[in-house]
Each structure stands twice: as structure tokens, then as C-alpha cells.
file final11.csv (CSV, C-alpha atoms and all ligand atoms)
chain,number,residue,atom,x,y,z
A,1,MET,CA,-92.0,-105.1,83.5
A,2,LEU,CA,-95.0,-103.1,82.4
A,3,ALA,CA,-98.4,-104.8,82.8
A,4,ASN,CA,-100.9,-105.4,80.0
A,5,ILE,CA,-98.7,-106.9,77.3
A,6,PRO,CA,-101.2,-109.0,75.3
A,7,ALA,CA,-100.5,-112.6,74.2
A,8,THR,CA,-101.1,-111.8,70.5
A,9,GLN,CA,-100.7,-108.9,68.2
A,10,THR,CA,-101.7,-107.8,64.6
A,11,VAL,CA,-98.8,-107.9,62.1
A,12,ILE,CA,-98.7,-107.5,58.4
A,13,GLU,CA,-97.8,-110.8,56.6
A,14,ILE,CA,-96.8,-111.3,52.9
A,15,LYS,CA,-99.4,-113.8,51.8
A,16,ALA,CA,-97.4,-114.7,48.7
A,17,PRO,CA,-94.8,-113.0,46.5
A,18,GLY,CA,-96.6,-110.3,44.5
A,19,GLY,CA,-98.1,-106.8,44.5
A,20,PRO,CA,-99.1,-104.6,47.4
A,21,GLU,CA,-102.4,-106.5,47.9
A,22,MET,CA,-100.3,-109.4,49.2
A,23,LEU,CA,-99.8,-107.4,52.4
A,24,VAL,CA,-102.5,-108.6,54.8
A,25,PRO,CA,-103.1,-108.3,58.5
A,26,ALA,CA,-102.7,-111.5,60.6
A,27,THR,CA,-102.5,-112.5,64.2
A,28,ARG,CA,-99.2,-113.6,65.7
A,29,PRO,CA,-97.9,-114.1,69.2
A,30,VAL,CA,-96.2,-111.2,70.9
A,31,PRO,CA,-92.6,-112.3,71.1
A,32,GLU,CA,-90.6,-112.9,74.3
A,33,PRO,CA,-87.4,-110.9,74.3
A,34,ARG,CA,-84.4,-113.2,74.3
A,35,ALA,CA,-81.2,-112.5,76.2
A,36,GLY,CA,-79.8,-109.1,75.1
A,37,GLU,CA,-83.2,-108.0,73.5
A,38,VAL,CA,-85.8,-105.5,74.5
A,39,LEU,CA,-89.5,-105.8,73.6
A,40,ILE,CA,-90.8,-102.6,72.0
A,41,ARG,CA,-94.4,-101.6,71.8
A,42,ILE,CA,-94.3,-100.0,68.3
A,43,ALA,CA,-95.4,-96.4,67.8
A,44,GLY,CA,-94.2,-95.9,64.2
A,45,ALA,CA,-92.4,-98.1,61.6
A,46,GLY,CA,-90.6,-96.9,58.5
A,47,VAL,CA,-91.4,-98.2,55.1
A,48,ASN,CA,-88.3,-98.9,53.0
A,49,ARG,CA,-87.8,-99.8,49.3
A,50,ALA,CA,-86.3,-103.1,50.5
A,51,ASP,CA,-89.7,-104.0,52.0
A,52,CYS,CA,-91.2,-103.7,48.5
A,53,LEU,CA,-88.6,-106.0,47.1
A,54,GLN,CA,-89.1,-108.5,49.9
A,55,ARG,CA,-92.9,-108.4,49.2
A,56,MET,CA,-92.2,-109.2,45.5
A,57,GLY,CA,-89.9,-112.1,46.6
A,58,ARG,CA,-86.9,-110.3,45.1
A,59,TYR,CA,-84.9,-109.5,48.2
A,60,PRO,CA,-82.1,-111.8,49.2
A,61,MET,CA,-83.1,-112.4,52.8
A,62,PRO,CA,-80.2,-112.7,55.2
A,63,PRO,CA,-80.1,-115.9,57.4
A,64,GLY,CA,-82.3,-115.5,60.5
A,65,ALA,CA,-84.4,-112.7,59.1
A,66,PRO,CA,-88.1,-113.1,60.0
A,67,ASP,CA,-90.8,-113.2,57.3
A,68,ILE,CA,-92.6,-110.1,58.6
A,69,PRO,CA,-91.2,-107.0,56.9
A,70,GLY,CA,-90.0,-103.8,58.6
A,71,LEU,CA,-86.5,-102.6,59.1
A,72,GLU,CA,-87.0,-99.9,61.7
A,73,CYS,CA,-89.4,-98.7,64.4
A,74,SER,CA,-89.9,-96.4,67.3
A,75,GLY,CA,-91.8,-97.1,70.5
A,76,THR,CA,-91.7,-97.8,74.2
A,77,VAL,CA,-89.6,-100.5,75.8
A,78,VAL,CA,-92.1,-102.7,77.7
A,79,LYS,CA,-90.0,-105.7,78.7
A,80,LEU,CA,-86.3,-106.6,79.0
A,81,GLY,CA,-84.5,-109.8,78.1
A,82,ASP,CA,-81.9,-111.3,80.4
A,83,GLY,CA,-78.7,-109.2,80.7
A,84,VAL,CA,-80.1,-105.9,79.3
A,85,SER,CA,-78.7,-103.0,81.3
A,86,GLU,CA,-78.7,-100.1,78.8
A,87,TRP,CA,-82.5,-99.6,78.7
A,88,ARG,CA,-85.4,-99.5,81.3
A,89,THR,CA,-89.0,-100.3,80.7
A,90,GLY,CA,-91.0,-97.2,79.8
A,91,GLU,CA,-88.1,-95.6,77.9
A,92,GLN,CA,-88.8,-94.4,74.3
A,93,VAL,CA,-86.4,-95.7,71.7
A,94,CYS,CA,-86.0,-96.1,68.0
A,95,ALA,CA,-84.4,-99.2,66.6
A,96,LEU,CA,-82.7,-100.7,63.6
A,97,MET,CA,-84.3,-104.1,62.8
A,98,ILE,CA,-83.6,-107.1,60.6
A,99,GLY,CA,-87.4,-107.5,60.1
A,100,ASP,CA,-90.7,-107.5,62.2
A,101,GLY,CA,-91.3,-103.7,62.0
A,102,TYR,CA,-94.8,-104.2,60.5
A,103,GLY,CA,-96.4,-105.2,63.8
A,104,GLU,CA,-97.5,-103.9,67.2
A,105,TYR,CA,-94.6,-105.4,69.2
A,106,ALA,CA,-91.1,-106.5,68.3
A,107,ALA,CA,-88.1,-107.9,70.1
A,108,VAL,CA,-84.9,-106.1,69.1
A,109,PRO,CA,-81.3,-106.4,70.2
A,110,ALA,CA,-80.8,-103.7,72.9
A,111,VAL,CA,-77.6,-102.6,71.1
A,112,GLN,CA,-79.6,-101.7,68.0
A,113,CYS,CA,-81.7,-99.1,69.9
A,114,LEU,CA,-81.2,-95.4,70.2
A,115,PRO,CA,-83.0,-92.9,72.3
A,116,VAL,CA,-85.7,-90.9,70.5
A,117,PRO,CA,-83.7,-87.7,69.7
A,118,GLN,CA,-84.5,-84.6,71.6
A,119,GLY,CA,-87.3,-82.6,69.9
A,120,VAL,CA,-88.4,-85.5,67.7
A,121,ASP,CA,-92.0,-86.8,67.7
A,122,LEU,CA,-92.1,-90.5,68.9
A,123,ILE,CA,-93.8,-91.7,65.7
A,124,ASP,CA,-91.5,-89.8,63.3
A,125,ALA,CA,-88.5,-91.3,65.1
A,126,GLY,CA,-89.6,-94.7,63.6
A,127,GLY,CA,-88.3,-93.4,60.2
A,128,LEU,CA,-84.8,-92.5,61.4
A,129,PRO,CA,-82.7,-95.6,62.1
A,130,GLU,CA,-82.5,-97.2,58.6
A,131,THR,CA,-81.5,-94.0,56.7
A,132,SER,CA,-79.3,-92.7,59.5
A,133,CYS,CA,-77.4,-96.0,59.8
A,134,THR,CA,-77.1,-96.4,56.0
A,135,VAL,CA,-75.9,-92.8,55.4
A,136,TRP,CA,-73.5,-92.9,58.4
A,137,THR,CA,-71.8,-96.1,57.4
A,138,ASN,CA,-71.6,-95.4,53.7
A,139,VAL,CA,-70.9,-91.7,53.5
A,140,PHE,CA,-68.8,-91.2,56.6
A,141,GLU,CA,-67.3,-94.6,57.4
A,142,ARG,CA,-66.7,-95.9,53.8
A,143,MET,CA,-66.3,-92.7,51.8
A,144,HIS,CA,-64.8,-90.7,54.8
A,145,LEU,CA,-66.6,-87.5,53.7
A,146,ARG,CA,-64.7,-84.6,55.2
A,147,PRO,CA,-65.7,-81.0,55.9
A,148,GLY,CA,-65.2,-78.7,52.9
A,149,GLU,CA,-65.6,-81.5,50.4
A,150,VAL,CA,-68.3,-81.5,47.6
A,151,PHE,CA,-70.8,-84.4,47.9
A,152,LEU,CA,-73.4,-85.6,45.4
A,153,VAL,CA,-76.4,-87.8,46.3
A,154,GLN,CA,-78.6,-89.4,43.7
A,155,GLY,CA,-82.2,-89.7,44.6
A,156,GLY,CA,-82.0,-86.6,46.9
A,157,SER,CA,-85.7,-86.7,47.9
A,158,SER,CA,-85.7,-90.3,49.2
A,159,GLY,CA,-85.3,-91.0,52.9
A,160,ILE,CA,-81.7,-91.8,52.2
A,161,GLY,CA,-81.3,-88.7,50.1
A,162,VAL,CA,-82.8,-86.2,52.6
A,163,THR,CA,-80.7,-87.8,55.5
A,164,SER,CA,-77.5,-87.5,53.5
A,165,ILE,CA,-78.2,-83.9,52.4
A,166,GLN,CA,-78.8,-82.9,56.1
A,167,LEU,CA,-75.8,-84.8,57.5
A,168,ALA,CA,-73.3,-83.7,54.8
A,169,LYS,CA,-74.4,-80.0,55.4
A,170,ALA,CA,-74.2,-80.4,59.1
A,171,PHE,CA,-70.6,-81.7,58.7
A,172,GLY,CA,-69.6,-78.7,56.6
A,173,CYS,CA,-69.8,-80.0,53.1
A,174,LYS,CA,-71.2,-78.6,49.8
A,175,VAL,CA,-74.1,-80.7,48.6
A,176,LEU,CA,-75.5,-81.5,45.2
A,177,ALA,CA,-78.6,-83.7,44.9
A,178,THR,CA,-80.5,-85.2,42.0
A,179,ALA,CA,-84.3,-85.7,41.9
A,180,GLY,CA,-87.0,-86.4,39.3
A,181,SER,CA,-89.2,-83.3,39.4
A,182,ASP,CA,-88.9,-79.6,40.2
A,183,GLU,CA,-91.0,-80.1,43.3
A,184,LYS,CA,-88.6,-82.8,44.6
A,185,CYS,CA,-85.7,-80.4,43.7
A,186,ARG,CA,-87.3,-77.7,45.8
A,187,ALA,CA,-87.5,-80.2,48.7
A,188,CYS,CA,-83.8,-81.1,48.3
A,189,ARG,CA,-82.9,-77.4,48.6
A,190,ASP,CA,-85.2,-76.9,51.5
A,191,TYR,CA,-83.4,-79.7,53.4
A,192,GLY,CA,-80.1,-77.9,52.7
A,193,ALA,CA,-78.8,-78.9,49.2
A,194,ASP,CA,-76.7,-76.1,47.6
A,195,VAL,CA,-77.7,-77.3,44.2
A,196,ALA,CA,-80.6,-79.6,43.2
A,197,ILE,CA,-80.5,-81.2,39.7
A,198,ASN,CA,-83.7,-82.3,37.9
A,199,TYR,CA,-82.2,-85.4,36.2
A,200,ARG,CA,-85.0,-85.4,33.7
A,201,THR,CA,-84.1,-82.0,32.3
A,202,GLN,CA,-80.5,-81.5,33.4
A,203,ASP,CA,-77.2,-83.4,33.1
A,204,PHE,CA,-75.7,-84.0,36.6
A,205,VAL,CA,-72.2,-84.4,35.2
A,206,ALA,CA,-72.3,-81.0,33.5
A,207,VAL,CA,-73.9,-79.3,36.6
A,208,GLY,CA,-71.4,-81.0,38.9
A,209,LYS,CA,-68.4,-79.9,36.8
A,210,GLU,CA,-69.7,-76.4,36.5
A,211,PHE,CA,-70.2,-76.2,40.3
A,212,THR,CA,-66.7,-77.3,41.0
A,213,SER,CA,-65.1,-75.2,38.1
A,214,GLY,CA,-64.2,-78.4,36.3
A,215,ARG,CA,-62.5,-80.2,39.3
A,216,GLY,CA,-65.3,-82.7,39.9
A,217,VAL,CA,-67.0,-83.8,43.1
A,218,ASP,CA,-65.3,-85.6,46.0
A,219,ALA,CA,-67.9,-88.2,46.9
A,220,ILE,CA,-71.1,-89.7,45.4
A,221,LEU,CA,-73.8,-91.7,47.1
A,222,ASP,CA,-75.6,-93.7,44.4
A,223,MET,CA,-78.7,-95.8,44.5
A,224,VAL,CA,-79.3,-95.7,40.7
A,225,GLY,CA,-76.3,-97.5,39.0
A,226,GLY,CA,-76.9,-98.5,35.4
A,227,ASP,CA,-75.7,-95.9,32.9
A,228,TYR,CA,-75.1,-93.5,35.9
A,229,ILE,CA,-71.9,-95.5,36.7
A,230,PRO,CA,-69.6,-94.3,33.9
A,231,ARG,CA,-71.0,-90.8,34.2
A,232,GLN,CA,-70.2,-90.8,37.9
A,233,ILE,CA,-66.7,-92.0,37.3
A,234,GLU,CA,-66.3,-89.1,34.9
A,235,LEU,CA,-67.6,-86.6,37.4
A,236,LEU,CA,-65.4,-87.6,40.3
A,237,ALA,CA,-62.4,-85.5,41.2
A,238,HIS,CA,-58.9,-86.8,41.9
A,239,GLU,CA,-59.1,-89.1,45.0
A,240,GLY,CA,-62.9,-89.2,44.6
A,241,ARG,CA,-65.2,-91.9,46.1
A,242,LEU,CA,-68.3,-93.6,44.7
A,243,CYS,CA,-70.5,-95.7,47.0
A,244,PHE,CA,-73.5,-97.8,46.0
A,245,VAL,CA,-76.4,-98.5,48.3
A,246,ALA,CA,-78.6,-99.8,45.5
A,247,LEU,CA,-78.4,-100.4,41.7
A,248,MET,CA,-82.1,-99.8,40.7
A,249,ALA,CA,-81.2,-99.2,37.0
A,250,GLY,CA,-78.9,-102.1,36.7
A,251,ALA,CA,-75.6,-103.6,38.0
A,252,LYS,CA,-73.8,-104.4,34.7
A,253,VAL,CA,-72.3,-101.7,32.5
A,254,GLU,CA,-69.1,-101.0,30.6
A,255,VAL,CA,-66.8,-98.8,32.5
A,256,ASP,CA,-63.3,-97.4,31.8
A,257,PHE,CA,-61.3,-98.7,34.8
A,258,GLY,CA,-58.4,-96.6,33.5
A,259,ALA,CA,-60.2,-93.6,34.9
A,260,ILE,CA,-60.3,-95.2,38.3
A,261,GLN,CA,-56.6,-95.8,38.2
A,262,ARG,CA,-55.7,-92.4,36.7
A,263,LYS,CA,-57.8,-90.4,39.2
A,264,HIS,CA,-57.0,-92.6,42.3
A,265,LEU,CA,-60.7,-93.3,42.8
A,266,THR,CA,-62.3,-95.6,45.3
A,267,VAL,CA,-65.5,-97.5,44.3
A,268,THR,CA,-67.3,-99.2,47.1
A,269,GLY,CA,-70.8,-100.1,48.4
A,270,SER,CA,-72.5,-102.1,51.1
A,271,THR,CA,-75.7,-103.5,52.5
A,272,LEU,CA,-77.0,-103.0,56.0
A,273,ARG,CA,-79.5,-105.7,56.8
A,274,SER,CA,-77.1,-108.6,56.4
A,275,ARG,CA,-74.6,-107.3,58.9
A,276,SER,CA,-74.1,-108.9,62.3
A,277,VAL,CA,-75.6,-107.5,65.5
A,278,ALA,CA,-72.1,-106.4,66.6
A,279,GLN,CA,-71.6,-104.5,63.3
A,280,LYS,CA,-75.0,-102.8,63.6
A,281,ALA,CA,-74.2,-102.0,67.2
A,282,SER,CA,-71.0,-100.2,66.2
A,283,ILE,CA,-72.9,-98.0,63.7
A,284,ILE,CA,-75.6,-97.3,66.3
A,285,ALA,CA,-72.9,-96.3,68.8
A,286,ALA,CA,-71.3,-94.0,66.3
A,287,LEU,CA,-74.6,-92.3,65.5
A,288,ARG,CA,-75.3,-91.8,69.2
A,289,GLU,CA,-72.0,-90.1,69.6
A,290,LYS,CA,-71.6,-88.1,66.3
A,291,VAL,CA,-75.2,-87.6,64.9
A,292,TRP,CA,-77.7,-87.6,67.8
A,293,PRO,CA,-76.2,-84.4,69.3
A,294,LEU,CA,-77.1,-82.6,66.0
A,295,TRP,CA,-80.7,-83.3,66.8
A,296,ALA,CA,-80.4,-81.7,70.2
A,297,ALA,CA,-78.6,-78.7,68.6
A,298,GLY,CA,-81.5,-78.2,66.2
A,299,LYS,CA,-79.4,-78.9,63.1
A,300,LEU,CA,-81.6,-81.7,61.7
A,301,ARG,CA,-85.3,-81.9,60.7
A,302,THR,CA,-87.5,-85.0,60.5
A,303,PHE,CA,-88.8,-85.8,57.0
A,304,THR,CA,-92.0,-87.8,57.3
A,305,TYR,CA,-94.1,-87.5,54.2
A,306,ARG,CA,-97.1,-89.5,55.2
A,307,ARG,CA,-98.3,-91.9,58.0
A,308,PHE,CA,-100.6,-94.8,57.3
A,309,PRO,CA,-102.5,-97.1,59.8
A,310,LEU,CA,-100.6,-100.4,60.0
A,311,LYS,CA,-103.6,-102.2,58.4
A,312,ASP,CA,-103.1,-100.0,55.3
A,313,ALA,CA,-99.5,-101.2,54.6
A,314,ALA,CA,-100.6,-102.1,51.0
A,315,GLU,CA,-101.5,-98.4,50.4
A,316,ALA,CA,-98.1,-97.3,51.9
A,317,HIS,CA,-96.3,-99.7,49.4
A,318,ARG,CA,-98.4,-98.3,46.5
A,319,LEU,CA,-97.3,-94.8,47.4
A,320,MET,CA,-93.6,-95.8,47.7
A,321,GLU,CA,-93.8,-97.5,44.3
A,322,SER,CA,-95.5,-94.4,42.7
A,323,SER,CA,-92.3,-92.5,43.8
A,324,THR,CA,-94.4,-89.4,44.3
A,325,HIS,CA,-93.3,-89.2,48.0
A,326,ILE,CA,-90.6,-87.0,49.4
A,327,GLY,CA,-89.0,-88.4,52.5
A,328,LYS,CA,-90.3,-91.2,54.7
A,329,ILE,CA,-93.5,-93.2,54.7
A,330,LEU,CA,-94.5,-94.5,58.1
A,331,LEU,CA,-96.9,-97.2,59.4
A,332,VAL,CA,-98.7,-96.5,62.7
A,333,PRO,CA,-100.2,-99.5,64.6
B,1,LIG,N1,-77.5,-100.7,50.9
B,1,LIG,C1,-78.1,-100.4,52.0
B,1,LIG,O1,-77.7,-100.7,53.1
B,1,LIG,C2,-79.5,-99.7,51.8
B,1,LIG,C3,-80.1,-99.3,53.0
B,1,LIG,C4,-81.3,-98.6,52.8
B,1,LIG,C5,-81.8,-98.2,51.6
B,1,LIG,N2,-81.1,-98.7,50.5
B,1,LIG,C6,-81.6,-98.3,49.1
B,1,LIG,O2,-81.5,-96.9,49.0
B,1,LIG,C7,-82.5,-96.5,48.1
B,1,LIG,C8,-83.4,-95.4,48.7
B,1,LIG,O3,-84.2,-96.0,49.7
B,1,LIG,P1,-85.5,-95.4,50.2
B,1,LIG,O4,-86.1,-96.4,51.1
B,1,LIG,O5,-85.2,-94.0,50.7
B,1,LIG,O6,-86.4,-95.4,48.9
B,1,LIG,P2,-87.2,-94.3,48.0
B,1,LIG,O7,-87.7,-93.3,48.9
B,1,LIG,O8,-88.2,-95.0,47.2
B,1,LIG,O9,-86.0,-93.8,47.1
B,1,LIG,C9,-85.8,-94.1,45.8
B,1,LIG,C10,-85.3,-92.8,45.1
B,1,LIG,O10,-84.6,-93.1,43.9
B,1,LIG,C11,-84.8,-92.0,43.1
B,1,LIG,N3,-84.5,-92.3,41.7
B,1,LIG,C12,-85.0,-93.3,40.9
B,1,LIG,N4,-84.4,-93.2,39.7
B,1,LIG,C13,-83.5,-92.2,39.7
B,1,LIG,C14,-82.6,-91.6,38.8
B,1,LIG,N5,-82.4,-92.1,37.6
B,1,LIG,N6,-81.8,-90.6,39.2
B,1,LIG,C15,-81.9,-90.1,40.4
B,1,LIG,N7,-82.8,-90.6,41.4
B,1,LIG,C16,-83.5,-91.6,41.0
B,1,LIG,C17,-86.3,-91.7,43.3
B,1,LIG,O11,-86.6,-90.4,42.9
B,1,LIG,P3,-87.4,-90.0,41.6
B,1,LIG,O12,-88.8,-90.6,41.7
B,1,LIG,O13,-87.4,-88.5,41.7
B,1,LIG,O14,-86.7,-90.6,40.5
B,1,LIG,C18,-86.5,-91.9,44.8
B,1,LIG,O15,-86.3,-90.7,45.5
B,1,LIG,C19,-83.3,-97.7,47.7
B,1,LIG,O16,-83.0,-98.2,46.5
B,1,LIG,C20,-83.0,-98.7,48.8
B,1,LIG,O17,-83.1,-100.1,48.4
B,1,LIG,C21,-80.0,-99.4,50.6
call {"tool": "encode", "arguments": {"input": "final11.csv", "output": "C-alpha cells"}}
result
Amino acid sequence: MLANIPATQTVIEIKAPGGPEMLVPATRPVPEPRAGEVLIRIAGAGVNRADCLQRMGRYPMPPGAPDIPGLECSGTVVKLGDGVSEWRTGEQVCALMIGDGYGEYAAVPAVQCLPVPQGVDLIDAGGLPETSCTVWTNVFERMHLRPGEVFLVQGGSSGIGVTSIQLAKAFGCKVLATAGSDEKCRACRDYGADVAINYRTQDFVAVGKEFTSGRGVDAILDMVGGDYIPRQIELLAHEGRLCFVALMAGAKVEVDFGAIQRKHLTVTGSTLRSRSVAQKASIIAALREKVWPLWAAGKLRTFTYRRFPLKDAAEAHRLMESSTHIGKILLVP
């Protein structure tokens, strides 16, 4: 055990459902790691769109989720719960969390931790677990994206977008990405997209059809939904797959299911936070085996846009809601 673990810590509480000003510093006990958990002294914590929804009282919280937001962090292991053999105190990790990232210390299941990848700054690593797990489980486990296929991601400049562009390219795919400005499109290309589509001035269906000589794309990762849904069904090639990680523009639309049948399409989606520790552990294990070596090989780049002191979490939420960011926003205790 490392010495000097304080009894209390500063966390960010949600005072009441509402705007960013509802995020306020508070004092809470430093948790004791339970059996199978490690206590992490947090160096960096990722801000996610889900945190904004939680703050507004619009996120369906899974049972057992704490009230402190924060779905991922990086830091140093400072204490081990009973039965933890995979980590030692002093090791630097990043971790997928069900909550509690907006603090100075958090207890996390040991199986939800990964080593900080080779060559990655400790604080930046706090922005990797949520997007890496989400992209891996949806793009590679659910949609089975294969080398040589054509992949489209909506919202290409988001954390999820940048991660999926880089991973799809690293696994040998052609990548198209949409974004809402020319600057964001440039960033998508910079992270490896073959084609970036400004959805305010271009039609992603027309660009996708042209890129594939009319065949259509093999897989689409969507966070928009709404009127994108029928257009994506139209753009998919025979045996194409469509996967939802969010439906920001709406979940109810009219769709021709005949096209799904005729083209042998698969339509799917998932959430990450509500999964069991065992399910999260399985994604983490797959990342460690299949994705973490890509960091060591220099094939992936971090994508931190801006760091805020933990006490300025409200400012970080304002930036996320302005949608002017490209990549990840981090909180630093
Ligand atoms: N299901 C899961 O397990 C899971 C896990 C993690 C995240 N998510 C979801 O994934 C999404 C991305 O998360 P994040 O934390 O990376 O958030 P984020 O950075 O705020 O990303 C949201 C992105 O959506 C883009 N967007 C909005 N309207 C669009 C449109 N009509 N066409 C194309 N892009 C559009 C925005 O870009 P512009 O400003 O350029 O429009 C922005 O880049 C969020 O909705 C989040 O809730 C789901």
C-alpha cells in the first residue's frame, strides 16, 4: 500500500438536474477498494456526452451507478482490494468506469483497467477507455468490420469518431467520416479518414455511393439517428451493417424494412455503461490483445482537445455542448 492516501477528496457533484452550473465541487470520503477492486489516484478523466445527459437528469442510470459522473479515468493504483493479483500499487492504468471519474480517487474493478499504452501521456490516457471500448464492441464485435471493407462513421470528429477512424484504418479498411465543419473534416482526414464529408454542405449518401462506385458501404457507426436512418439503409451495400451508439436526432422514423430484407442488412446497437463487470472485462481483454499493441507500434495517436482543472467541470460541459471541440475533453484533478 502507498502511504498518504487522504480520508477525503474533492469530487464534482450534480447539485440538481440542470445546466453546467449544477456541477459543483464537494468533499466526499476516499473510497475503500472492495474485493476485486483497485483504488486509483486519478490523473485525468474523460468527459463524455453521457455525462451531460446525466447532469440534465436525462440519462437512464443503470442500477448500482454512483451519482458522481465520469465514465473513464487514468492514474496510479494506490491500494488493492482483496483478491486483486493483476495490478500492483504504483502501476499506471486507465480504466472504464460506471461513474465516479469526476474526483481525485476512485475504486474500480481491477478487470476494467488497462495499462497506460506505450508512448501515451498519463493524463491523455484518461480519455481512451470509453471510446476504445465503445468502438471495439460495436464496430468489431457487433458489426464484424473486416479488412478491405468500407466503413462510415457519423460524427467523425467526436471522441468516438476519431477512435473509430484510427482503428478502422489500422485494421485495413477504407474510412468515410461526416462532420459539421470544414475544420472538423480536416481533422477527420488528419486522423486517417480517406474521405471527410461536411454534412452541412454535402450529402453523405451521394458521396458514399460515388466512393464505392454505386455498391454502397459495408458498415456504418451512427450516433445521429433521426432522418439519417432511412438514408443509411439506402447507402448500405448488400450484407451491410448499421450500428447505433446514440440517436441524438431521434429514435422514431419511418423506414422501408423491405430494403433490410432485400439487401441482407443487419441493424444493431448497444450501450456500454449498463453492461456487467464480466462483459466489460471481456471487452477490456480484447482491447489489450488486439488494440493496445497498435499503440506500441505507433499506429494510433491520442486526441485530447483540451484539459480543464477538475473544479472547472462546468466549463468542460459548456465546451462539449458547444460542439466546437475535436476529440476528447479531459478533467485534471
Ligand atoms: N452506446 C454507447 O455505448 C456509447 C458510448 C459512448 C458514447 N456514446 C455516444 O456517442 C456519441 C459521441 O460521444 P462523444 O462523447 O464522443 O461526444 P461528442 O464528442 O460530443 O460527439 C458528438 C458528435 O456528434 C456530431 N454530430 C451531431 N449531429 C450530427 C449530424 N447530424 N451528422 C453528423 N454528426 C453529427 C457532432 O459533430 P458536429 O458538431 O460537427 O455536428 C459531434 O462530433 C454521443 O452521442 C454519446 O452519447 C455511446
call {"tool": "residues_near_point", "arguments": {"input": "final11.csv", "point": "(-77.5, -111.1, 83.0)", "cutoff": "12 Å", "atoms": "all atoms listed in the file", "output": "ChimeraX atom specification"}}
result
/A:34-37,80-86
call {"tool": "closest_atom_pairs", "arguments": {"input": "final11.csv", "of": "chain A", "to": "ligand LIG 1 (chain B)", "cutoff": "8 Å", "atoms": "only C-alpha atoms and all ligand atoms", "output": "Markdown table"}}
result
| residue | atom | partner | partner_atom | distance |
| --- | --- | --- | --- | --- |
| A:Val47 | CA | B:LIG1 | O4 | 6.9 |
| A:Asn48 | CA | B:LIG1 | O4 | 3.8 |
| A:Arg49 | CA | B:LIG1 | O4 | 4.2 |
| A:Ala50 | CA | B:LIG1 | O17 | 4.9 |
| A:Glu130 | CA | B:LIG1 | C4 | 6.1 |
| A:Thr131 | CA | B:LIG1 | C4 | 6.0 |
| A:Thr134 | CA | B:LIG1 | C3 | 5.1 |
| A:Gln154 | CA | B:LIG1 | C15 | 4.7 |
| A:Gly155 | CA | B:LIG1 | N7 | 3.4 |
| A:Gly156 | CA | B:LIG1 | O15 | 6.1 |
| A:Ser157 | CA | B:LIG1 | O15 | 4.7 |
| A:Ser158 | CA | B:LIG1 | O7 | 3.6 |
| A:Gly159 | CA | B:LIG1 | O5 | 3.7 |
| A:Ile160 | CA | B:LIG1 | O5 | 4.4 |
| A:Gly161 | CA | B:LIG1 | O5 | 6.6 |
| A:Thr178 | CA | B:LIG1 | C15 | 5.3 |
| A:Ala179 | CA | B:LIG1 | O13 | 4.2 |
| A:Gly180 | CA | B:LIG1 | O13 | 3.2 |
| A:Ser181 | CA | B:LIG1 | O13 | 6.0 |
| A:Lys184 | CA | B:LIG1 | O13 | 6.5 |
| A:Tyr199 | CA | B:LIG1 | N6 | 6.0 |
| A:Met223 | CA | B:LIG1 | C7 | 5.3 |
| A:Val224 | CA | B:LIG1 | C13 | 5.6 |
| A:Tyr228 | CA | B:LIG1 | N5 | 7.6 |
| A:Phe244 | CA | B:LIG1 | N1 | 7.0 |
| A:Val245 | CA | B:LIG1 | N1 | 3.6 |
| A:Ala246 | CA | B:LIG1 | O16 | 4.8 |
| A:Leu247 | CA | B:LIG1 | O16 | 7.0 |
| A:Met248 | CA | B:LIG1 | O16 | 6.1 |
| A:Ala249 | CA | B:LIG1 | N5 | 7.2 |
| A:Gly269 | CA | B:LIG1 | N1 | 7.2 |
| A:Ser270 | CA | B:LIG1 | N1 | 5.2 |
| A:Thr271 | CA | B:LIG1 | O1 | 3.5 |
| A:Leu272 | CA | B:LIG1 | O1 | 3.8 |
| A:Arg273 | CA | B:LIG1 | O1 | 6.5 |
| A:Met320 | CA | B:LIG1 | O8 | 5.5 |
| A:Glu321 | CA | B:LIG1 | O8 | 6.8 |
| A:Ser322 | CA | B:LIG1 | O12 | 7.8 |
| A:Ser323 | CA | B:LIG1 | O12 | 4.5 |
| A:Thr324 | CA | B:LIG1 | O12 | 6.3 |
| A:His325 | CA | B:LIG1 | O7 | 7.0 |
| A:Ile326 | CA | B:LIG1 | O15 | 6.9 |
| A:Gly327 | CA | B:LIG1 | O7 | 6.2 |
| A:Lys328 | CA | B:LIG1 | O7 | 6.7 |
call {"tool": "residues_around", "arguments": {"input": "final11.csv", "residues": "Ala177 of chain A", "least_positions_apart": "2", "cutoff": "9 Å", "atoms": "all atoms listed in the file", "output": "count of residues only"}}
result
21
call {"tool": "residues_around", "arguments": {"input": "final11.csv", "residues": "Glu72 of chain A", "least_positions_apart": "4", "cutoff": "6 Å", "atoms": "all atoms listed in the file", "output": "PyMOL selection string"}}
result
chain A and resi 45-46+95-97+101
call {"tool": "closest_residue", "arguments": {"input": "final11.csv", "among": "A:Pro230, A:Pro60, A:Gly75, A:Pro17", "to": "Ile123 of chain A", "atoms": "only C-alpha atoms"}}
result
A:Gly75
call {"tool": "closest_residue", "arguments": {"input": "final11.csv", "among": "A:Ala219, A:Glu149, A:Val255, A:Leu39", "to": "Arg231 of chain A", "atoms": "all atoms listed in the file"}}
result
A:Val255
